[in-house]
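File shown here: entry.cif, holding mmCIF, C-alpha atoms and all ligand atoms.
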```cif
data_data
#
loop_
_atom_site.label_atom_id
_atom_site.label_comp_id
_atom_site.auth_asym_id
_atom_site.auth_seq_id
_atom_site.Cartn_x
_atom_site.Cartn_y
_atom_site.Cartn_z
CA MET A 1 -40.84 66.73 44.95
CA LEU A 2 -38.92 69.91 44.20
CA PRO A 3 -41.05 73.06 44.06
CA LEU A 4 -42.37 73.64 40.56
CA ILE A 5 -40.65 76.45 38.63
CA THR A 6 -42.56 78.25 35.90
CA ASP A 7 -40.70 81.57 35.71
CA ARG A 8 -39.28 81.35 32.20
CA GLU A 9 -36.64 84.02 32.80
CA PHE A 10 -35.35 82.12 35.82
CA ILE A 11 -35.38 78.87 33.82
CA LYS A 12 -33.34 80.56 31.08
CA GLN A 13 -30.76 81.74 33.59
CA GLN A 14 -30.58 78.32 35.21
CA ALA A 15 -30.11 76.71 31.80
CA GLU A 16 -27.03 78.86 31.21
CA LYS A 17 -25.72 78.18 34.70
CA LEU A 18 -26.31 74.44 34.51
CA GLU A 19 -25.06 73.84 30.97
CA GLU A 20 -22.05 71.79 32.05
CA GLU A 21 -24.03 69.94 34.70
CA ASN A 22 -26.64 68.99 32.11
CA ASP A 23 -23.95 67.65 29.77
CA THR A 24 -22.69 65.48 32.62
CA PHE A 25 -26.24 64.44 33.43
CA ARG A 26 -26.77 63.37 29.83
CA SER A 27 -23.71 61.10 30.01
CA PHE A 28 -24.86 59.80 33.40
CA LEU A 29 -28.31 58.87 32.03
CA LYS A 30 -26.75 56.89 29.19
CA ILE A 31 -25.55 54.20 31.62
CA LEU A 32 -29.01 53.73 33.19
CA ASN A 33 -31.56 51.17 32.04
CA GLY A 34 -33.64 52.76 29.27
CA ASP A 35 -36.93 51.01 30.15
CA GLU A 36 -36.70 51.96 33.83
CA LEU A 37 -35.82 55.49 32.85
CA ASP A 38 -38.86 55.69 30.55
CA ILE A 39 -41.14 54.64 33.44
CA LYS A 40 -39.67 57.33 35.70
CA VAL A 41 -39.91 60.03 33.02
CA HIS A 42 -43.50 59.07 32.20
CA GLU A 43 -44.43 59.29 35.89
CA LEU A 44 -42.74 62.67 36.30
CA ASN A 45 -44.36 63.96 33.14
CA GLU A 46 -47.80 62.82 34.34
CA THR A 47 -47.27 64.67 37.63
CA ILE A 48 -45.62 67.82 36.32
CA SER A 49 -47.29 68.43 32.96
CA PRO A 50 -50.84 69.05 34.27
CA GLN A 51 -49.45 71.65 36.69
CA ILE A 52 -47.98 73.78 33.91
CA ASP A 53 -50.32 75.95 31.90
CA CYS A 54 -49.17 75.84 28.29
CA THR A 55 -51.63 78.59 27.41
CA VAL A 56 -49.61 81.13 29.38
CA CYS A 57 -46.35 79.88 27.88
CA GLY A 58 -46.66 79.07 24.17
CA ALA A 59 -42.87 79.07 23.84
CA CYS A 60 -42.80 75.99 21.61
CA CYS A 61 -45.31 77.64 19.25
CA ARG A 62 -42.96 80.64 19.09
CA GLN A 63 -39.76 78.73 18.50
CA LEU A 64 -40.28 75.32 16.89
CA MET A 65 -40.50 74.38 13.26
CA ILE A 66 -43.73 72.38 12.92
CA ASN A 67 -44.08 69.53 10.43
CA VAL A 68 -47.49 69.03 8.85
CA THR A 69 -48.75 65.83 7.23
CA GLU A 70 -50.89 65.74 4.08
CA GLY A 71 -53.84 64.57 6.20
CA GLU A 72 -53.38 67.44 8.65
CA LYS A 73 -53.19 69.90 5.78
CA ILE A 74 -56.61 68.74 4.61
CA ASN A 75 -58.12 68.65 8.14
CA VAL A 76 -57.01 72.14 9.10
CA ALA A 77 -57.95 73.57 5.70
CA THR A 78 -61.43 72.10 6.17
CA ALA A 79 -61.65 73.56 9.69
CA LEU A 80 -60.64 76.97 8.32
CA ASN A 81 -63.10 76.61 5.47
CA ILE A 82 -60.46 77.04 2.77
CA THR A 83 -59.08 74.62 0.16
CA PRO A 84 -55.99 72.55 0.95
CA GLN A 85 -54.27 74.37 -1.91
CA LYS A 86 -55.03 77.78 -0.37
CA PHE A 87 -53.94 76.49 3.04
CA LYS A 88 -50.65 75.34 1.55
CA GLU A 89 -50.08 78.65 -0.26
CA ASP A 90 -50.82 80.76 2.81
CA TYR A 91 -49.38 78.73 5.68
CA LEU A 92 -46.96 76.06 4.49
CA GLU A 93 -43.67 75.60 2.72
CA GLU A 94 -41.46 72.63 1.90
CA SER A 95 -38.45 71.88 4.07
CA MET A 96 -35.04 70.96 2.58
CA GLU A 97 -36.12 67.31 2.99
CA GLY A 98 -39.28 67.97 0.99
CA LYS A 99 -41.59 67.82 4.02
CA LEU A 100 -44.44 70.24 4.66
CA ILE A 101 -43.72 72.72 7.45
CA ILE A 102 -45.47 75.82 8.79
CA ASN A 103 -43.95 78.77 6.95
CA THR A 104 -43.53 81.10 9.91
CA ILE A 105 -41.91 80.98 13.34
CA PRO A 106 -43.76 81.91 15.56
CA CYS A 107 -46.59 79.79 14.19
CA HIS A 108 -49.38 81.59 12.31
CA PHE A 109 -52.00 80.08 14.56
CA LEU A 110 -50.66 81.41 17.84
CA ALA A 111 -52.85 84.23 19.17
CA ASP A 112 -52.26 85.66 22.67
CA SER A 113 -50.19 82.59 23.61
CA LYS A 114 -53.11 80.35 22.67
CA CYS A 115 -53.55 78.08 19.67
CA SER A 116 -56.36 79.33 17.47
CA ILE A 117 -56.79 75.88 15.89
CA TYR A 118 -56.35 73.96 19.15
CA ALA A 119 -58.86 71.17 18.39
CA ASN A 120 -57.15 70.55 15.04
CA ARG A 121 -53.55 71.26 16.00
CA PHE A 122 -50.86 69.13 14.39
CA THR A 123 -49.52 65.83 15.72
CA GLU A 124 -46.18 67.42 16.41
CA CYS A 125 -47.80 70.13 18.55
CA ARG A 126 -49.66 67.49 20.57
CA ALA A 127 -46.56 65.37 21.05
CA PHE A 128 -44.14 68.07 22.24
CA PRO A 129 -42.20 67.75 24.57
CA HIS A 130 -42.42 63.99 23.91
CA LEU A 131 -41.95 63.01 27.55
CA HIS A 132 -44.86 60.54 27.41
CA GLU A 133 -43.10 58.57 24.68
CA ASN A 134 -40.69 55.66 25.03
CA ASN A 135 -36.96 55.86 24.32
CA PHE A 136 -36.24 58.97 26.40
CA LYS A 137 -32.56 58.03 26.24
CA GLY A 138 -32.62 58.12 22.44
CA ARG A 139 -34.07 61.64 22.49
CA LEU A 140 -31.89 63.07 25.27
CA PHE A 141 -30.03 65.50 23.05
CA GLY A 142 -33.21 66.95 21.56
CA THR A 143 -34.91 67.11 24.94
CA LEU A 144 -32.05 68.98 26.58
CA ILE A 145 -31.85 71.42 23.68
CA HIS A 146 -35.32 72.59 24.75
CA TYR A 147 -34.57 72.58 28.50
CA ALA A 148 -34.22 76.38 28.56
CA MET A 149 -37.40 76.91 26.56
CA CYS A 150 -39.91 74.47 28.03
CA PRO A 151 -40.87 74.60 31.73
CA ILE A 152 -42.19 71.03 31.53
CA ILE A 153 -38.82 69.73 30.37
CA PHE A 154 -36.97 71.87 32.91
CA ASN A 155 -39.00 70.60 35.87
CA VAL A 156 -38.98 66.96 34.74
CA ILE A 157 -35.20 67.02 34.24
CA GLU A 158 -34.53 68.68 37.59
CA GLN A 159 -36.77 66.21 39.42
CA LEU A 160 -35.21 63.34 37.48
CA LYS A 161 -31.78 64.38 38.77
CA VAL A 162 -33.14 63.89 42.30
CA GLU A 163 -34.89 60.59 41.55
CA VAL A 164 -31.85 58.94 39.96
CA GLU A 165 -29.58 60.37 42.70
CA PHE A 166 -27.42 62.26 40.22
CA LYS A 167 -24.47 64.00 41.82
CA ASN A 168 -22.57 66.45 39.65
S1 LIG B 201 -50.67 74.93 15.49
FE1 LIG B 201 -51.21 75.71 17.50
S2 LIG B 201 -50.16 74.34 18.96
FE2 LIG B 201 -49.19 74.06 16.94
S3 LIG B 201 -47.44 75.46 16.90
FE3 LIG B 201 -49.20 76.54 15.98
S4 LIG B 201 -50.13 77.68 17.66
FE4 LIG B 201 -48.81 76.10 18.56
S1 LIG B 202 -42.78 75.14 25.71
FE1 LIG B 202 -43.46 73.45 27.04
S2 LIG B 202 -44.61 74.45 28.70
FE2 LIG B 202 -44.41 75.93 27.03
S3 LIG B 202 -46.28 75.69 25.81
FE3 LIG B 202 -44.73 74.36 24.90
S4 LIG B 202 -45.02 72.36 25.89
FE4 LIG B 202 -46.10 73.88 27.13
#
```
Please express what this file holds, its structure, as structure tokens.
Amino acid sequence: MLPLITDREFIKQQAEKLEEENDTFRSFLKILNGDELDIKVHELNETISPQIDCTVCGACCRQLMINVTEGEKINVATALNITPQKFKEDYLEESMEGKLIINTIPCHFLADSKCSIYANRFTECRAFPHLHENNFKGRLFGTLIHYAMCPIIFNVIEQLKVEVEFKN
């Protein structure tokens, strides 16, 4: 395994430096078997993810737009001891597609790089960066967009290059 990199400044610089390489890597991955690729990515994610402390990063909470379901609106409002209507007024807005989203970036609930509603955080927060899910190939573009931001994605992608013997 490559040594784990968590320095976000270094990752940002690497992302700029490797932009072309990552475009080529994306095309290279498209010709590989999607199911086999999913297995590899799941394994890498299971190894790498637990070694990265999201509570000292919080970058996704600072940069992503978070969708909220009706059920989550009610759950979090209950946890905060306010009405769903008040929760909506204070924390949500409707996206162009008419979906509920958190009305600030960074997210309201981020405090000192930690989620203040962690036990009740939204499905989208739990799922990011989606590397445990199937169809990695179908989400390549979105995953690589966050390569510079998310140390988990960065390390999984760099190790994946080694595992699939990618040569730029
Ligand atoms: S709800 Fe919590 S985990 Fe989700 S974006 Fe906000 S601070 Fe981050
Ligand atoms: S950007 Fe990635 S490493 Fe950072 S908190 Fe989010 S999921 Fe964790």
Would you kindly return, as a short mmCIF file (atom, residue, chain, number, x, y, z; two decimals) with C-alpha atoms, keeping the file's coordinate frame, each protein, DNA or RNA residue with an atom no farther than 8 Å from any atom of stretch 73-76 of chain A, considering all atoms listed in the file and excluding same-chain residues fewer than 4 positions away?
```cif
data_model
loop_
_atom_site.label_atom_id
_atom_site.label_comp_id
_atom_site.auth_asym_id
_atom_site.auth_seq_id
_atom_site.Cartn_x
_atom_site.Cartn_y
_atom_site.Cartn_z
CA VAL A 68 -47.49 69.03 8.85
CA THR A 69 -48.75 65.83 7.23
CA LEU A 80 -60.64 76.97 8.32
CA THR A 83 -59.08 74.62 0.16
CA PRO A 84 -55.99 72.55 0.95
CA PHE A 87 -53.94 76.49 3.04
CA LYS A 88 -50.65 75.34 1.55
CA ILE A 117 -56.79 75.88 15.89
CA ASN A 120 -57.15 70.55 15.04
CA ARG A 121 -53.55 71.26 16.00
#
```
Fewer than 6 positions away in the same chain doesn't count, so skip those; otherwise give me all residues within 8 Å of A:Pro151, counting all atoms listed in the file, as JSON, numbers by chain.
{"A": [5, 6, 8, 11, 52]}
Expected selection as number ranges by chain for ligand LIG 202 (chain B) within 6 Å, only C-alpha atoms and all ligand atoms:
A: 54, 57-60, 128-129, 149-152
Taking all atoms listed in the file into account, list the residues no farther than 7 Å from ligand LIG 201 (chain B), as a count of residues only.
16
Among the residues A:Leu92, A:Leu29, A:Ile82, A:Leu44, the one that comes closest to A:Asn155 [using only C-alpha atoms]:
A:Leu44
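As for atom CA of A:Thr47 and atom CA of A:Arg126, they are spaced 17.5 Å apart.
Each of A:Tyr147, A:Phe25, A:Phe136, A:Phe10 was checked against A:Val41 using all atoms listed in the file; the smallest atom-to-atom distance is that of A:Phe136.
For the atom pair formed by atom CA of A:Leu32 and atom CA of A:Ala148, the distance is 23.7 Å, given to one decimal.
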So what do you get for atom CA of A:Lys137 versus atom CA of A:Thr55, distance-wise?
28.1 Å
Please tell me which residues are no farther than 6 Å from (-22.9, 71.3, 36.8) in the file, counting all atoms listed in the file, and write them as a ChimeraX atom specification.
/A:18,20-21,168
Within 9 Å of A:Asp90 using all atoms listed in the file, minus same-chain residues under 4 positions, as a PyMOL selection string:
chain A and resi 85-86+103
At a cut-off of 8 Å, using only C-alpha atoms, what residues contact A:Leu100? Leave out same-chain residues fewer than 2 positions from it and give the result as a PyMOL selection string.
chain A and resi 67-70+92-95+98+102
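For the choices A:Glu72, A:Asp23, A:Glu36, A:Asp7, the atom-to-atom distance to A:Asn135 is smallest for A:Glu36 when using all atoms listed in the file.
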